[in-house]
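Novice: Attaching a single structure in structure tokens format; questions to follow.
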Number of protein chains: 2
Amino acid sequence: MLTSNQKLQNELIEVAGALADAARAEILPHFRTLGLRAENKLDDGAYDPVTIADRAAEQAMLEILKTERPDDAVLGEEFGFRKGTSGLTWVLDPIDGTRGFISGTPTWGVLIAVGGEDGPELGLIDQPYIGERFLGGFGQAWMLGPQGRRDLYAKGVGDLTRASLFTTFPEVGDDAERAAFEALSRQVRLTRFGMDCYAYALLAAGHVDLVVEAGLNAYDIQAPIALIKAAGGLVTNWQGEPAHEGGRVLAAANKNLHKAALAVLSEAD
Amino acid sequence: MLTSNQKLQNELIEVAGALADAARAEILPHFRTLGLRAENKLDDGAYDPVTIADRAAEQAMLEILKTERPDDAVLGEEFGFRKGTSGLTWVLDPIDGTRGFISGTPTWGVLIAVGGEDGPELGLIDQPYIGERFLGGFGQAWMLGPQGRRDLYAKGVGDLTRASLFTTFPEVGDDAERAAFEALSRQVRLTRFGMDCYAYALLAAGHVDLVVEAGLNAYDIQAPIALIKAAGGLVTNWQGEPAHEGGRVLAAANKNLHKAALAVLSEAD
């Protein structure tokens, strides 16, 4: 692990916080602005809105990294990959949940992760409107919000039949992915939708047991992976393998739930 | 209208605010408490959690009404109906979205409405964790939150193909209700789930175009009706009739959207 050095760890935590602060300042003035316009990013006409805020926030974060961590690589949702020489890579998604953002929901978030070749070691989820920050990595796992600072523990119930399961939209992904999700949904107590990255933060905080998604990009999941791991939970793909490249993701609050959910999801084509 | 008297209107607005303040104080200490337990309210084993917070908040609101508005009737989600003599009825749901509440999401709300026989004339939706309050009625429509005070305008896009549509869970209701919702969903640009009463607040604030639900109780919808009407939107059942008794509900940001959505939903069995 490149980041076993305590001084470096503290520096990375500090820089992650500075990035989140900068993103907040760029994004909030654009949130819930009447007349907000979303560009269509994809040529095929799919609805993938990108706001001015999204680009401005990533730009602001890139500027900070250029100064504070010039040798680190950066993978950003908006501006792609920038090479580095330190062996560390920052992974940034300025607004995860753009559909929620343009609808005014308070469940989008700024995602910031940093780590080496084996994946993220520090993850931060920020919800600027509520004023909540969730950070996990290097032995820390805490949140700061309207109720003050709290340590994070992904606890989870003892078995699937009492578990809560979250995903963002009922299609989940393709037909096979939807079917696998629905098979899991039939075994749990409560299934809820629509929370974007906020569901991962709630899992890290001990309120949600399982989050399942598909079709993710690396920048969608690296911050949740480090955060949840630091809080005591697990994140893998649907085969139990590392998920930091994206794709099909299963986050679980404890090993029992992870094993039980994996047994269902791993049947997916 | 019993409430055309300006002094009475101001008093009702003030009392509604006091009720919301009292509910916040009772509920917030119980939100995101590790080990939170939910009772099962229904004997048939359906999952309908009621927390200590739910009951304590309604009790606190009832105490205020007993002192401040002793002659008004009260319909509460937890403790049922209390008769009055003034012709006015308060309709209270201390925690709308209990499933979201126990999962830690910030999209549940305190619902407070007051009106006469023809339905609610004043509606308030409060989200205590974020610190947001939406109020509409008697010529007022505003919200107070992290970004300060703003007037509310339900604007809405010009036609269905550009509209956003919200509901809480994909089943919506029975098979016919789900089918009708899905028919509408296929015509809009964006469908989102999981926001509970918060979706109605976002519609009143101009960020969401349509909200469709089924199987609602009177206390679920009276506050949204008054709020949305005051902000310039419309709420009816799926036949275009008054919806303040609950059941199937269509909220729309403007007349064009209402008419177009009604044409789809009114086909439901």
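Ligands are numbered from 1 in the order shown, chains are lettered A, B, ... in the order of the structure tokens, and residues start at 1 in each chain.
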I need the chain A residues near chain B as a ChimeraX atom specification; criterion: at most 9 Å, counting only C-alpha atoms.
Specialist: /A:28,32-34,47,99-100,102-107,129-131,146-147,164,168-170,189-195,198-199,202-203,205-208
Novice: Using only C-alpha atoms, determine which residues lie at most 8 Å from Asp93 (chain B), disregarding the query and same-chain residues fewer than 4 positions distant; provide the list as a short mmCIF file (atom, residue, chain, number, x, y, z; two decimals) with N, CA, C and O atoms, in the first residue's frame.
Specialist:
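out_36.cif, written as the output of this step:
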data_model
loop_
_atom_site.label_atom_id
_atom_site.label_comp_id
_atom_site.auth_asym_id
_atom_site.auth_seq_id
_atom_site.Cartn_x
_atom_site.Cartn_y
_atom_site.Cartn_z
N GLU B 58 -47.17 13.40 17.17
CA GLU B 58 -48.61 13.69 17.05
C GLU B 58 -49.18 14.12 18.39
O GLU B 58 -50.00 15.06 18.47
N GLY B 76 -55.74 12.65 12.88
CA GLY B 76 -54.32 12.34 12.94
C GLY B 76 -54.05 10.93 12.45
O GLY B 76 -54.88 10.04 12.60
N GLU B 77 -52.87 10.74 11.89
CA GLU B 77 -52.51 9.41 11.37
C GLU B 77 -52.44 8.39 12.50
O GLU B 77 -52.81 7.24 12.34
N GLU B 78 -51.95 8.82 13.65
CA GLU B 78 -51.73 7.89 14.76
C GLU B 78 -52.92 7.71 15.67
O GLU B 78 -53.24 6.60 16.07
N VAL B 110 -43.11 15.91 7.91
CA VAL B 110 -44.25 16.17 8.78
C VAL B 110 -45.30 16.88 7.92
O VAL B 110 -44.99 17.89 7.29
N LEU B 111 -46.52 16.33 7.89
CA LEU B 111 -47.59 16.92 7.08
C LEU B 111 -48.65 17.52 7.98
O LEU B 111 -49.20 16.84 8.86
N ILE B 112 -48.97 18.78 7.72
CA ILE B 112 -49.96 19.50 8.52
C ILE B 112 -50.88 20.25 7.56
O ILE B 112 -50.40 20.99 6.69
N TYR B 219 -54.76 11.88 5.30
CA TYR B 219 -53.66 12.59 5.97
C TYR B 219 -52.36 12.57 5.17
O TYR B 219 -51.44 13.32 5.46
N ASP B 220 -52.27 11.72 4.15
CA ASP B 220 -51.08 11.70 3.28
C ASP B 220 -51.09 12.84 2.26
O ASP B 220 -50.04 13.21 1.72
#
Novice: Set the distance at 9 Å and use only C-alpha atoms: which residues neighbour region 241-257 of chain A once local chain neighbours fewer than 2 positions away are removed? I'd like the list as a PDB file with C-alpha atoms, in the first residue's frame.
Specialist:
ATOM      1  CA  ASP A 118      -5.490  -2.113  -5.940  1.00  0.00           C
ATOM      2  CA  GLY A 119      -8.319   0.357  -5.684  1.00  0.00           C
ATOM      3  CA  PRO A 120      -9.506   3.208  -3.488  1.00  0.00           C
ATOM      4  CA  TYR A 153     -20.500   1.713  11.594  1.00  0.00           C
ATOM      5  CA  ALA A 154     -22.054  -0.412   8.864  1.00  0.00           C
ATOM      6  CA  LYS A 155     -23.854  -2.862  11.117  1.00  0.00           C
ATOM      7  CA  GLY A 156     -26.589  -4.646   9.242  1.00  0.00           C
ATOM      8  CA  VAL A 157     -29.226  -7.097  10.379  1.00  0.00           C
ATOM      9  CA  GLY A 158     -28.468 -10.782  10.868  1.00  0.00           C
ATOM     10  CA  ASP A 159     -30.221 -12.231   7.832  1.00  0.00           C
ATOM     11  CA  LEU A 160     -31.734 -11.361   4.464  1.00  0.00           C
ATOM     12  CA  ALA A 163     -32.728  -6.628   5.455  1.00  0.00           C
ATOM     13  CA  GLY A 173     -29.719  -2.597 -15.710  1.00  0.00           C
ATOM     14  CA  GLU A 177     -29.755  -7.697 -14.005  1.00  0.00           C
ATOM     15  CA  TYR A 200     -24.065   3.956   0.062  1.00  0.00           C
ATOM     16  CA  LEU A 203     -25.202   1.860   4.454  1.00  0.00           C
ATOM     17  CA  ALA A 204     -21.887   3.070   5.866  1.00  0.00           C
ATOM     18  CA  GLY A 206     -25.665   1.708   9.652  1.00  0.00           C
ATOM     19  CA  VAL A 208     -29.271   0.436   5.181  1.00  0.00           C
ATOM     20  CA  ASP A 209     -28.269  -3.229   4.773  1.00  0.00           C
ATOM     21  CA  LEU A 210     -27.728  -3.739   1.040  1.00  0.00           C
ATOM     22  CA  VAL A 211     -27.209  -1.602  -2.052  1.00  0.00           C
ATOM     23  CA  VAL A 212     -27.241  -3.229  -5.489  1.00  0.00           C
ATOM     24  CA  GLU A 213     -26.585  -1.492  -8.788  1.00  0.00           C
ATOM     25  CA  ALA A 214     -25.371  -2.335 -12.282  1.00  0.00           C
ATOM     26  CA  GLY A 215     -23.753  -0.504 -15.174  1.00  0.00           C
ATOM     27  CA  LEU A 216     -21.648   1.709 -12.923  1.00  0.00           C
ATOM     28  CA  ASN A 217     -18.484   3.513 -13.920  1.00  0.00           C
ATOM     29  CA  ALA A 218     -15.336   3.479 -11.803  1.00  0.00           C
ATOM     30  CA  TYR A 219     -15.980   7.045 -10.669  1.00  0.00           C
ATOM     31  CA  ASP A 220     -19.469   6.076  -9.425  1.00  0.00           C
ATOM     32  CA  ILE A 221     -18.266   3.453  -7.006  1.00  0.00           C
ATOM     33  CA  GLN A 222     -14.687   4.088  -5.820  1.00  0.00           C
ATOM     34  CA  PRO A 224     -18.438   4.301  -1.766  1.00  0.00           C
ATOM     35  CA  ILE A 225     -16.059   1.303  -1.745  1.00  0.00           C
ATOM     36  CA  ILE A 228     -18.044   1.373   3.282  1.00  0.00           C
ATOM     37  CA  ALA A 231     -17.102   1.554   8.181  1.00  0.00           C
ATOM     38  CA  GLY A 232     -16.918  -2.235   8.337  1.00  0.00           C
ATOM     39  CA  GLY A 233     -18.991  -3.220   5.308  1.00  0.00           C
ATOM     40  CA  LEU A 234     -18.154  -4.942   2.014  1.00  0.00           C
ATOM     41  CA  VAL A 235     -18.403  -3.951  -1.649  1.00  0.00           C
ATOM     42  CA  THR A 236     -17.786  -6.393  -4.509  1.00  0.00           C
ATOM     43  CA  ASN A 237     -19.192  -7.151  -7.914  1.00  0.00           C
ATOM     44  CA  TRP A 238     -21.912  -9.828  -8.298  1.00  0.00           C
ATOM     45  CA  GLN A 239     -19.245 -12.549  -8.399  1.00  0.00           C
ATOM     46  CA  LYS A 259     -22.755 -13.982   1.313  1.00  0.00           C
ATOM     47  CA  ALA A 260     -26.525 -14.428   1.207  1.00  0.00           C
ATOM     48  CA  ALA A 261     -27.059 -11.668  -1.369  1.00  0.00           C
ATOM     49  CA  LEU A 262     -24.168 -12.917  -3.495  1.00  0.00           C
ATOM     50  CA  LEU A 265     -27.039 -12.251  -7.568  1.00  0.00           C
TER      51      LEU A 265
END
Novice: Taking only C-alpha atoms into account, which of B:Leu122, B:Ala18, B:Leu62, B:Val74 comes nearest Gln140 (chain B)?
Specialist: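 Between B:Leu122, B:Ala18, B:Leu62, B:Val74, the residue approaching Gln140 (chain B) most closely is B:Leu122.
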Novice: As a ChimeraX atom specification, please: every residue in region 4-124 of chain A that a backbone DSSP assignment puts in strand (DSSP E or B).
Specialist: /A:39-40,49-50,73-76,80-82,89-96,109-116,119-124
